[in-house]
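Structure, as structure tokens:
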Amino acid sequence: MSEVLFRELYRIRHVEQEVARVYPTDKIKSPVHLSIGQEAVSVGVCQTLRADDIVFGTYRSHALFLAKGGNLRAMIAELYGKATGCTRGKGGSMHLIDVAAGVMGTSAVVGTTIPLAVGYAYALKMRGSGALVAAFFGDGAVDEGAFHESMNFAALKKLPVLFVCENNLYAIHSPQAARQAKSNLCERAASYGMHAEHVEYGDVFTIRDRTAAAVSAIRAGSGPRFIECMTYRWKEHVGPGDDFAAGYRTRAEAEPWYARDSLNLIGARLDPAVRARIEHEVQAEVRDAFEFAESSPFPGHEELLTDVYGVA
Amino acid sequence: MTRKLSYAEAIREATEQEMARDPSIIVLGMGVDDFRGIYGTTKGLVEKFGSDRVFDTPLSEDAMTGVAIGAALAGLRPIHVHIRMDFLLLAMNQIINIAAKARYMYGGAVSVPIVVRSVIGRSWGQGAQHSQGLHSLFMHVPGLRVVAPSTPYDAKGCMASALRHPDPVMFVEHRMVHFQKGVVPEEPFTVPFGRARTLAPGKDVTLVGVSHMAVECLRARSLLEQAGIQAEVIDPVSLSPLDADGIAASVKKTGRLVVVDTSWTFCGTSAEIVTAVLERTQGKRDVSFARLGYAPGTCPTTKPLENLYYPNPQTIAMAAHTLVKGEGTRWEPRTSEAPEVVEFKGPF
């Protein structure tokens, strides 16, 4: 099991590091909100989901997209703006989608996909499908009215939704304490009538196990559940660099998160030969995806106005 | 076929028939399952189709719009009902940032076939926040379809089309057209979007009326007949796509255009219609034109001021008369207030 988790975590980390490495070449002309440091949340949650379960995410969703099984080649090609991208070059990094993998969309406007997840869950419940929807969002989205409206409706209708709050302490550069009178998001979720729990240290095993319990309860008809996973964004809000020099946060705040990084901890425990093999395989896969993106064509000019409307 | 239905009954019948045809259609919104049933337009639906498919909602326009979109992404066809158009302002993020854009920004991978119904209020002191016609806001945004039929026939046909359409459709109603009666076939039928309807023929001036103003334009046409002027009255029916070619064809014939909107003129539907017509007639036909709409302010509640706020058959006819006969030929026909406005009793 550790091998699977290591592979998933390493794959996302390596993809993001490659994005950061390529970014200064300006081949990727898309604002990238890197997931480095936050991989354990997406990986831990998605390990418990079925293929027919659905996820909705945010503009920082490279990790979620990959953890849910989104097509890596299509994702990298999308960052490059190529016709082979997952939205054919129309959406970029902030609007990833892979319908076949159950990644039903990410959005650049904070909080907007939370009610979409709830509505999708309404349809699943109405059909008696047995699948569920995981709504990923950050601590910033909790400030939005749509979050509260969505929690209320999901609880009212006992919908199969797992609300996953990735609390990385900041909305862009605004700390949670500057925006919220109380930091205990679980109390708010519980007040809507749903089970809520808090995972403090971003450990992938804990996230996976707590989520597994929540997912079982949801499938058994408990209605929605809320899980707040504390995590930490290692890079700047958007872009490939560090930003500790900017003054709004300190490297000292980040150090404990580096020390408890699930990828490093699991990797250190793996048989070195196994670890090397996994890393080698992942590197080859990622190299292939970047080569695919590089060699893919840009969309033709005729694509400018395709898919504004459907065919009536 | 002479069976007559009210506009409200026509919407209800289309909804019921389409729901029977397509089990993916659901109806949600504040009060859709209550004893009033949105002026009768949703009455009986919950009894027939059950509370999974017809349900009341919290007062959460933003999230409930997102819920409708999410359900559409999962293959349902939600009708989200707002008893006043003003409330759509609480749903703009989901409508414009997601519904309008999802197909494009996700590269054609998804569709958002939702129908957003909203009712423009008028009379009995509806005032600042219960009488706004905001259709031009939605016409502005690519990805949305906007329809505002004025007759019961088109209401039924457009609702059926909306419920078979692949895109989000803003279905604009007016409280004062809910009462209009007209011939409506019982069997299901559709009215295509993007085709204007000529409600009455004429050769001297083209009157284009949006929603309730199409009704008022027909009354203005009767007044103009007293002055020997034959007005052609056109209901655009669909505002986006707009049948600019169809309207321009009428104007090429008459050379005169009066556009009357149930909203403000500045940056509004009337501005778009005039521009679209002139783009098609310039260099070919001299066109004189006028626009009428809400007075350029906030809607007052007191009756004497409210009466001044709206175009009426008299002001419409006078504007058309001036175009036909020229400035300095002041003519003031006698008219009475629209019966549906007189007869409307609040408070709802």
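Ligands are numbered from 1 in the order shown, chains are lettered A, B, ... in the order of the structure tokens, and residues start at 1 in each chain.
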
Going by DSSP on the backbone, which bits of region 33-261 of chain A are strand (DSSP E)? Write them as an MDAnalysis selection string, please.
-> chainID A and resid 54:57 103:106 133:138 161:167 170:171 174:175 195:199 225:230

Per residue of chain A within 9 Å of chain B, record the nearest atom pair and its distance in Å to one decimal, counting only C-alpha atoms, with rows in chain order and ascending residue number, as a tab-separated table.
```
residue	atom	partner	partner_atom	distance
A:Gly85	CA	B:Gly107	CA	8.8
A:Cys86	CA	B:Gly107	CA	7.2
A:Thr87	CA	B:Gly107	CA	3.9
A:Arg88	CA	B:Gly107	CA	5.4
A:Gly89	CA	B:Gly107	CA	7.4
A:Lys90	CA	B:Met105	CA	5.3
A:Gly91	CA	B:Met105	CA	4.6
A:Gly92	CA	B:Met105	CA	8.4
A:His95	CA	B:Tyr106	CA	6.5
A:Leu96	CA	B:Tyr106	CA	7.1
A:Ile97	CA	B:Tyr106	CA	6.4
A:Asp98	CA	B:Ala109	CA	8.1
A:Val99	CA	B:Ala109	CA	7.2
A:Met104	CA	B:Leu73	CA	8.0
A:Gly105	CA	B:Tyr106	CA	7.6
A:Ser107	CA	B:Ile98	CA	8.3
A:Val109	CA	B:Asn97	CA	7.9
A:Thr112	CA	B:Gln94	CA	6.9
A:Thr113	CA	B:Gly66	CA	7.5
A:Ile114	CA	B:Gly66	CA	7.9
A:Pro115	CA	B:Gly66	CA	4.7
A:Leu116	CA	B:Gly70	CA	3.9
A:Ala117	CA	B:Gly70	CA	6.0
A:Val118	CA	B:Val67	CA	5.8
A:Gly119	CA	B:Val67	CA	3.6
A:Tyr120	CA	B:Gly70	CA	4.5
A:Ala121	CA	B:Ala71	CA	7.4
A:Tyr122	CA	B:Ala71	CA	6.5
A:Ala123	CA	B:Ala71	CA	5.3
A:Leu124	CA	B:Ala74	CA	7.5
A:Met126	CA	B:Asp52	CA	6.8
A:Gly145	CA	B:Asp62	CA	8.0
A:Ala146	CA	B:Ala63	CA	5.1
A:Phe147	CA	B:Ala63	CA	7.8
A:His148	CA	B:Ala63	CA	8.6
A:Glu149	CA	B:Ala63	CA	5.7
A:Ser150	CA	B:Ala63	CA	5.7
A:Asn152	CA	B:Pro58	CA	8.4
A:Phe153	CA	B:Pro58	CA	7.2
A:Leu305	CA	B:Tyr104	CA	8.5
A:Thr306	CA	B:Tyr104	CA	7.4
A:Asp307	CA	B:Tyr104	CA	4.9
A:Val308	CA	B:Tyr104	CA	5.2
A:Tyr309	CA	B:Gly143	CA	5.6
A:Gly310	CA	B:Pro166	CA	5.5
A:Val311	CA	B:Pro166	CA	6.8
A:Ala312	CA	B:His165	CA	5.6
```

File dump, residues just selected, N, CA and C atoms, as a compact mmCIF listing (two decimals), in the first residue's frame:
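The file below, again.txt, is the result:
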```
# COMPACT_ATOMS: atom_id res chain seq x y z
N GLY A 85 -4.96 19.06 -25.50
CA GLY A 85 -5.19 19.27 -24.08
C GLY A 85 -6.59 18.83 -23.66
N CYS A 86 -6.78 18.72 -22.35
CA CYS A 86 -8.04 18.16 -21.86
C CYS A 86 -9.21 19.09 -22.16
N THR A 87 -8.96 20.37 -22.43
CA THR A 87 -10.04 21.25 -22.91
C THR A 87 -9.66 21.86 -24.26
N ARG A 88 -8.79 21.17 -24.98
CA ARG A 88 -8.39 21.56 -26.34
C ARG A 88 -7.80 22.97 -26.38
N GLY A 89 -7.12 23.32 -25.28
CA GLY A 89 -6.47 24.62 -25.24
C GLY A 89 -7.39 25.76 -24.87
N LYS A 90 -8.61 25.46 -24.48
CA LYS A 90 -9.59 26.51 -24.19
C LYS A 90 -9.62 26.92 -22.72
N GLY A 91 -9.15 26.04 -21.85
CA GLY A 91 -9.34 26.29 -20.42
C GLY A 91 -8.07 26.50 -19.61
N GLY A 92 -6.99 25.84 -20.01
CA GLY A 92 -5.75 26.01 -19.26
C GLY A 92 -5.76 25.32 -17.91
N HIS A 95 -9.00 25.25 -15.52
CA HIS A 95 -10.28 24.66 -15.94
C HIS A 95 -10.09 23.23 -16.43
N LEU A 96 -9.44 22.44 -15.60
CA LEU A 96 -9.16 21.05 -15.97
C LEU A 96 -10.44 20.22 -15.88
N ILE A 97 -10.54 19.23 -16.76
CA ILE A 97 -11.68 18.32 -16.72
C ILE A 97 -11.25 17.01 -17.35
N ASP A 98 -11.81 15.92 -16.84
CA ASP A 98 -11.64 14.62 -17.47
C ASP A 98 -12.87 13.80 -17.11
N VAL A 99 -13.86 13.89 -17.97
CA VAL A 99 -15.16 13.29 -17.68
C VAL A 99 -15.02 11.79 -17.46
N MET A 104 -14.93 16.40 -12.85
CA MET A 104 -15.98 17.10 -13.59
C MET A 104 -15.77 18.60 -13.68
N GLY A 105 -14.59 19.05 -13.28
CA GLY A 105 -14.30 20.45 -13.55
C GLY A 105 -13.70 21.18 -12.39
N SER A 107 -12.41 25.33 -11.29
CA SER A 107 -12.86 26.69 -11.59
C SER A 107 -11.92 27.72 -11.02
N VAL A 109 -12.93 30.70 -10.06
CA VAL A 109 -13.65 31.58 -9.12
C VAL A 109 -13.89 30.79 -7.83
N THR A 112 -16.99 28.30 -6.50
CA THR A 112 -18.06 28.08 -7.48
C THR A 112 -18.35 26.62 -7.75
N THR A 113 -17.40 25.73 -7.52
CA THR A 113 -17.69 24.32 -7.84
C THR A 113 -18.35 23.59 -6.68
N ILE A 114 -18.43 24.21 -5.52
CA ILE A 114 -19.05 23.51 -4.38
C ILE A 114 -20.52 23.20 -4.66
N PRO A 115 -21.34 24.18 -5.07
CA PRO A 115 -22.72 23.83 -5.38
C PRO A 115 -22.86 22.91 -6.60
N LEU A 116 -21.90 22.97 -7.52
CA LEU A 116 -21.95 22.04 -8.66
C LEU A 116 -21.85 20.60 -8.16
N ALA A 117 -20.96 20.40 -7.20
CA ALA A 117 -20.79 19.06 -6.62
C ALA A 117 -22.09 18.61 -5.96
N VAL A 118 -22.74 19.53 -5.27
CA VAL A 118 -23.99 19.20 -4.58
C VAL A 118 -25.08 18.85 -5.60
N GLY A 119 -25.14 19.62 -6.67
CA GLY A 119 -26.15 19.34 -7.70
C GLY A 119 -25.88 18.01 -8.40
N TYR A 120 -24.61 17.74 -8.63
CA TYR A 120 -24.26 16.45 -9.25
C TYR A 120 -24.70 15.32 -8.32
N ALA A 121 -24.46 15.52 -7.03
CA ALA A 121 -24.85 14.50 -6.05
C ALA A 121 -26.37 14.33 -6.00
N TYR A 122 -27.09 15.42 -6.22
CA TYR A 122 -28.55 15.31 -6.24
C TYR A 122 -28.97 14.37 -7.37
N ALA A 123 -28.35 14.54 -8.53
CA ALA A 123 -28.68 13.67 -9.67
C ALA A 123 -28.29 12.23 -9.39
N LEU A 124 -27.13 12.01 -8.78
CA LEU A 124 -26.71 10.64 -8.46
C LEU A 124 -27.69 9.98 -7.51
N MET A 126 -30.84 10.79 -7.00
CA MET A 126 -32.13 10.61 -7.66
C MET A 126 -32.13 9.33 -8.50
N GLY A 145 -20.51 32.76 0.45
CA GLY A 145 -21.88 32.36 0.77
C GLY A 145 -22.25 31.03 0.15
N ALA A 146 -21.73 30.79 -1.05
CA ALA A 146 -22.08 29.55 -1.76
C ALA A 146 -21.70 28.32 -0.95
N PHE A 147 -20.61 28.41 -0.18
CA PHE A 147 -20.21 27.29 0.67
C PHE A 147 -21.32 26.97 1.67
N HIS A 148 -21.80 27.98 2.34
CA HIS A 148 -22.80 27.76 3.39
C HIS A 148 -24.13 27.33 2.79
N GLU A 149 -24.50 27.96 1.69
CA GLU A 149 -25.75 27.58 1.02
C GLU A 149 -25.69 26.12 0.56
N SER A 150 -24.51 25.72 0.09
CA SER A 150 -24.34 24.36 -0.42
C SER A 150 -24.38 23.33 0.70
N ASN A 152 -25.89 23.60 3.53
CA ASN A 152 -27.27 23.52 4.02
C ASN A 152 -28.11 22.63 3.12
N PHE A 153 -28.02 22.85 1.81
CA PHE A 153 -28.87 22.08 0.90
C PHE A 153 -28.45 20.61 0.87
N LEU A 305 -14.33 29.90 -32.04
CA LEU A 305 -15.73 29.97 -31.64
C LEU A 305 -16.44 28.62 -31.63
N THR A 306 -15.68 27.55 -31.63
CA THR A 306 -16.36 26.25 -31.47
C THR A 306 -16.69 26.06 -30.00
N ASP A 307 -17.84 25.44 -29.74
CA ASP A 307 -18.28 25.10 -28.38
C ASP A 307 -18.69 26.31 -27.54
N VAL A 308 -18.94 27.45 -28.17
CA VAL A 308 -19.62 28.52 -27.43
C VAL A 308 -21.06 28.07 -27.17
N TYR A 309 -21.65 27.48 -28.20
CA TYR A 309 -23.00 26.93 -28.10
C TYR A 309 -22.99 25.48 -28.54
N GLY A 310 -23.97 24.73 -28.09
CA GLY A 310 -24.14 23.37 -28.55
C GLY A 310 -24.92 23.35 -29.85
N VAL A 311 -25.08 22.16 -30.38
CA VAL A 311 -25.85 22.00 -31.61
C VAL A 311 -27.28 21.68 -31.24
N ALA A 312 -28.16 22.62 -31.52
CA ALA A 312 -29.57 22.45 -31.12
C ALA A 312 -30.25 21.41 -32.00
```

message: Considering only helix (DSSP H, G or I) as DSSP defines it on the backbone, what residues of region 127-199 of chain B qualify? List them as an MDAnalysis selection string.
response: chainID B and resid 135:139 152:162

task: For Gly202 (chain A), list every protein, DNA or RNA residue within 7 Å, evaluated using only C-alpha atoms, and leave out those in the same chain fewer than 4 positions away; present the list as a list in words.
output: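 My list of contacting residues is Ala40, Val41, Cys229, Met230 and Thr231 of chain A.
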
(request) Name all residues at most 7 Å from Asn312 (chain B) (count only C-alpha atoms; drop same-chain ones fewer than 3 positions away) and give them as a PyMOL selection string. (result) chain B and resi 216+315-316

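Shortest atom-to-atom contact with Ile172 (chain A) among A:Ile76, A:Val238, A:Met194, A:Ala155: A:Val238, counting only C-alpha atoms.
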
The residue from B:Ala271, B:Leu224, B:Ala8, B:Ala248 with the smallest atom-to-atom distance to Val324 (chain B), counting only C-alpha atoms, is B:Leu224

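Note that the spacing between CA of Asp139 (chain A) and CA of Tyr23 (chain A) amounts to 26.9 Å.
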
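Reported to one decimal place, the separation of CA of Met19 (chain B) from CA of Arg77 (chain B) is 9.6 Å.
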
Check the smallest atom-to-atom distance from each of B:Ala317, B:Val27, B:Val147, B:Val277 to Pro236 (chain B) using only C-alpha atoms, then report the winner.
->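 Closest candidate: B:Val147.
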
One residue among A:Ser61, A:Ser262, A:Ala141, A:Ala220 is nearest to Val204 (chain A) when using only C-alpha atoms, and that residue is A:Ser262

note - CA of Ser216 (chain A) and CA of Phe163 (chain A) are separated by 14.2 Å

Subject >> Non-local contacts of Arg233 (chain A) (10 Å; only C-alpha atoms; under 4 positions in same chain excluded) as an MDAnalysis selection string >> reply: chainID A and resid 33:39 167:170 237 242 254 257

In terms of only C-alpha atoms, the residue from A:Ala276, A:Val4, A:Ala284, A:Ala213 at minimal distance from Thr48 (chain A) is A:Ala213

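Residues in contact range of Met1 (chain A), defined as at most 12 Å between only C-alpha atoms, with sequence neighbours fewer than 4 positions away removed, read Leu5, Phe6, Arg7, Glu8, Gly44, Gln47, Val204, Phe205, Arg208, Ile266 and Leu270 of chain A.
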
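Counting only C-alpha atoms, the residue from B:Asp204, B:Asp261, B:Asp33, B:Glu173 that sits nearest to Glu232 (chain B) is B:Asp204.
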
Tell me, as a list in words, which residues lie within 6 Å of region 116-133 of chain B, counting only C-alpha atoms; anything in the same chain fewer than 4 positions away does not count.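 Final neighbour list, sorted by chain and number: Ile79, His80, Val81, His82, Ile83, Arg84, Met85, Asp86, Met170, Phe171, Val172, Glu173, His174, Arg175, Ser263, Thr298, Cys299, Pro300, Thr301 and Gly346 of chain B.
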
Next, write the just-selected residues to a file, as a compact mmCIF listing (two decimals), in the first residue's frame, keeping all heavy atoms as the atom set.
```
# COMPACT_ATOMS: atom_id res chain seq x y z
N ILE B 79 -35.21 22.95 -14.47
CA ILE B 79 -35.85 24.26 -14.67
C ILE B 79 -35.77 24.95 -13.32
O ILE B 79 -36.32 24.47 -12.33
CB ILE B 79 -37.34 24.13 -15.06
CG1 ILE B 79 -37.52 23.21 -16.27
CG2 ILE B 79 -37.94 25.51 -15.31
CD1 ILE B 79 -39.00 22.94 -16.59
N HIS B 80 -35.04 26.05 -13.26
CA HIS B 80 -34.90 26.79 -12.00
C HIS B 80 -35.78 28.03 -12.09
O HIS B 80 -35.60 28.85 -13.00
CB HIS B 80 -33.43 27.17 -11.78
CG HIS B 80 -33.12 27.68 -10.42
ND1 HIS B 80 -31.95 28.32 -10.11
CD2 HIS B 80 -33.84 27.65 -9.27
CE1 HIS B 80 -31.95 28.64 -8.83
NE2 HIS B 80 -33.08 28.26 -8.29
N VAL B 81 -36.72 28.14 -11.17
CA VAL B 81 -37.75 29.17 -11.28
C VAL B 81 -37.51 30.27 -10.25
O VAL B 81 -37.30 30.00 -9.06
CB VAL B 81 -39.15 28.56 -11.08
CG1 VAL B 81 -40.22 29.62 -11.36
CG2 VAL B 81 -39.35 27.35 -11.97
N HIS B 82 -37.56 31.51 -10.74
CA HIS B 82 -37.43 32.68 -9.87
C HIS B 82 -38.68 33.54 -10.05
O HIS B 82 -38.97 33.96 -11.17
CB HIS B 82 -36.19 33.51 -10.22
CG HIS B 82 -34.93 32.73 -10.11
ND1 HIS B 82 -34.13 32.77 -8.99
CD2 HIS B 82 -34.32 31.87 -10.97
CE1 HIS B 82 -33.07 31.99 -9.17
NE2 HIS B 82 -33.17 31.43 -10.36
N ILE B 83 -39.37 33.82 -8.97
CA ILE B 83 -40.65 34.50 -9.09
C ILE B 83 -40.46 35.99 -9.43
O ILE B 83 -41.40 36.64 -9.89
CB ILE B 83 -41.49 34.28 -7.81
CG1 ILE B 83 -42.98 34.43 -8.11
CG2 ILE B 83 -41.03 35.18 -6.69
CD1 ILE B 83 -43.87 33.75 -7.11
N ARG B 84 -39.26 36.48 -9.29
CA ARG B 84 -38.92 37.82 -9.77
C ARG B 84 -37.55 37.79 -10.43
O ARG B 84 -36.62 37.15 -9.93
CB ARG B 84 -38.90 38.85 -8.63
CG ARG B 84 -40.28 39.35 -8.22
CD ARG B 84 -40.97 40.15 -9.30
NE ARG B 84 -42.35 40.52 -8.94
CZ ARG B 84 -43.42 39.78 -9.20
NH1 ARG B 84 -43.30 38.62 -9.82
NH2 ARG B 84 -44.64 40.19 -8.84
N MET B 85 -37.44 38.53 -11.53
CA MET B 85 -36.16 38.54 -12.25
C MET B 85 -35.06 39.20 -11.43
O MET B 85 -33.88 38.87 -11.58
CB MET B 85 -36.33 39.27 -13.57
CG MET B 85 -35.16 39.02 -14.53
SD MET B 85 -35.45 39.72 -16.15
CE MET B 85 -34.36 38.70 -17.14
N ASP B 86 -35.47 40.12 -10.56
CA ASP B 86 -34.49 40.82 -9.72
C ASP B 86 -33.62 39.85 -8.91
O ASP B 86 -32.47 40.14 -8.60
CB ASP B 86 -35.22 41.75 -8.74
CG ASP B 86 -36.31 42.55 -9.43
OD1 ASP B 86 -37.35 41.96 -9.82
OD2 ASP B 86 -36.13 43.76 -9.61
N MET B 170 -32.26 31.38 -20.67
CA MET B 170 -32.91 32.32 -19.76
C MET B 170 -34.31 32.56 -20.31
O MET B 170 -34.47 33.13 -21.39
CB MET B 170 -32.13 33.64 -19.71
CG MET B 170 -30.64 33.48 -19.41
SD MET B 170 -30.27 32.66 -17.85
CE MET B 170 -30.95 33.86 -16.69
N PHE B 171 -35.31 32.10 -19.59
CA PHE B 171 -36.69 32.19 -20.06
C PHE B 171 -37.34 33.34 -19.32
O PHE B 171 -37.62 33.26 -18.12
CB PHE B 171 -37.41 30.87 -19.78
CG PHE B 171 -38.69 30.71 -20.57
CD1 PHE B 171 -38.74 29.93 -21.71
CD2 PHE B 171 -39.86 31.35 -20.16
CE1 PHE B 171 -39.91 29.78 -22.44
CE2 PHE B 171 -41.03 31.21 -20.87
CZ PHE B 171 -41.07 30.42 -22.02
N VAL B 172 -37.55 34.45 -20.05
CA VAL B 172 -38.00 35.69 -19.42
C VAL B 172 -39.52 35.83 -19.59
O VAL B 172 -40.02 35.82 -20.71
CB VAL B 172 -37.30 36.91 -20.06
CG1 VAL B 172 -37.76 38.20 -19.38
CG2 VAL B 172 -35.78 36.76 -19.99
N GLU B 173 -40.19 35.94 -18.46
CA GLU B 173 -41.64 36.12 -18.49
C GLU B 173 -41.98 37.50 -17.92
O GLU B 173 -41.14 38.14 -17.30
CB GLU B 173 -42.32 35.04 -17.63
CG GLU B 173 -42.00 33.62 -18.11
CD GLU B 173 -42.26 32.57 -17.03
OE1 GLU B 173 -43.23 32.71 -16.27
OE2 GLU B 173 -41.47 31.62 -16.97
N HIS B 174 -43.19 37.93 -18.14
CA HIS B 174 -43.64 39.18 -17.55
C HIS B 174 -44.96 38.91 -16.85
O HIS B 174 -45.83 38.23 -17.41
CB HIS B 174 -43.80 40.26 -18.64
CG HIS B 174 -43.89 41.64 -18.08
ND1 HIS B 174 -44.98 42.08 -17.36
CD2 HIS B 174 -43.02 42.69 -18.12
CE1 HIS B 174 -44.77 43.34 -16.99
NE2 HIS B 174 -43.58 43.73 -17.43
N ARG B 175 -45.06 39.41 -15.64
CA ARG B 175 -46.27 39.15 -14.86
C ARG B 175 -47.52 39.57 -15.63
O ARG B 175 -48.57 38.94 -15.50
CB ARG B 175 -46.19 39.92 -13.53
CG ARG B 175 -47.33 39.64 -12.59
CD ARG B 175 -47.21 38.28 -11.94
NE ARG B 175 -48.33 38.02 -11.05
CZ ARG B 175 -49.34 37.19 -11.32
NH1 ARG B 175 -49.35 36.54 -12.46
NH2 ARG B 175 -50.30 37.00 -10.45
N SER B 263 -37.68 47.41 -20.34
CA SER B 263 -36.45 47.64 -19.60
C SER B 263 -35.93 49.02 -20.02
O SER B 263 -36.58 49.72 -20.79
CB SER B 263 -35.41 46.57 -19.90
OG SER B 263 -34.27 46.76 -19.09
N THR B 298 -35.08 54.60 -11.40
CA THR B 298 -35.57 53.44 -10.66
C THR B 298 -37.09 53.44 -10.64
O THR B 298 -37.71 54.51 -10.58
CB THR B 298 -35.00 53.50 -9.23
OG1 THR B 298 -33.58 53.43 -9.31
CG2 THR B 298 -35.50 52.36 -8.36
N CYS B 299 -37.67 52.27 -10.66
CA CYS B 299 -39.13 52.18 -10.74
C CYS B 299 -39.77 52.65 -9.43
O CYS B 299 -39.46 52.13 -8.36
CB CYS B 299 -39.55 50.74 -11.02
SG CYS B 299 -41.32 50.55 -11.23
N PRO B 300 -40.66 53.64 -9.51
CA PRO B 300 -41.35 54.11 -8.30
C PRO B 300 -42.54 53.19 -7.97
O PRO B 300 -43.01 52.45 -8.83
CB PRO B 300 -41.84 55.49 -8.70
CG PRO B 300 -42.08 55.38 -10.16
CD PRO B 300 -41.09 54.38 -10.70
N THR B 301 -43.03 53.30 -6.74
CA THR B 301 -44.16 52.47 -6.34
C THR B 301 -45.49 53.21 -6.46
O THR B 301 -46.52 52.58 -6.72
CB THR B 301 -44.00 51.97 -4.90
OG1 THR B 301 -43.69 53.08 -4.07
CG2 THR B 301 -42.88 50.94 -4.80
N GLY B 346 -52.84 43.19 -6.30
CA GLY B 346 -51.74 42.67 -5.51
C GLY B 346 -52.27 41.86 -4.35
O GLY B 346 -53.45 41.55 -4.30
```
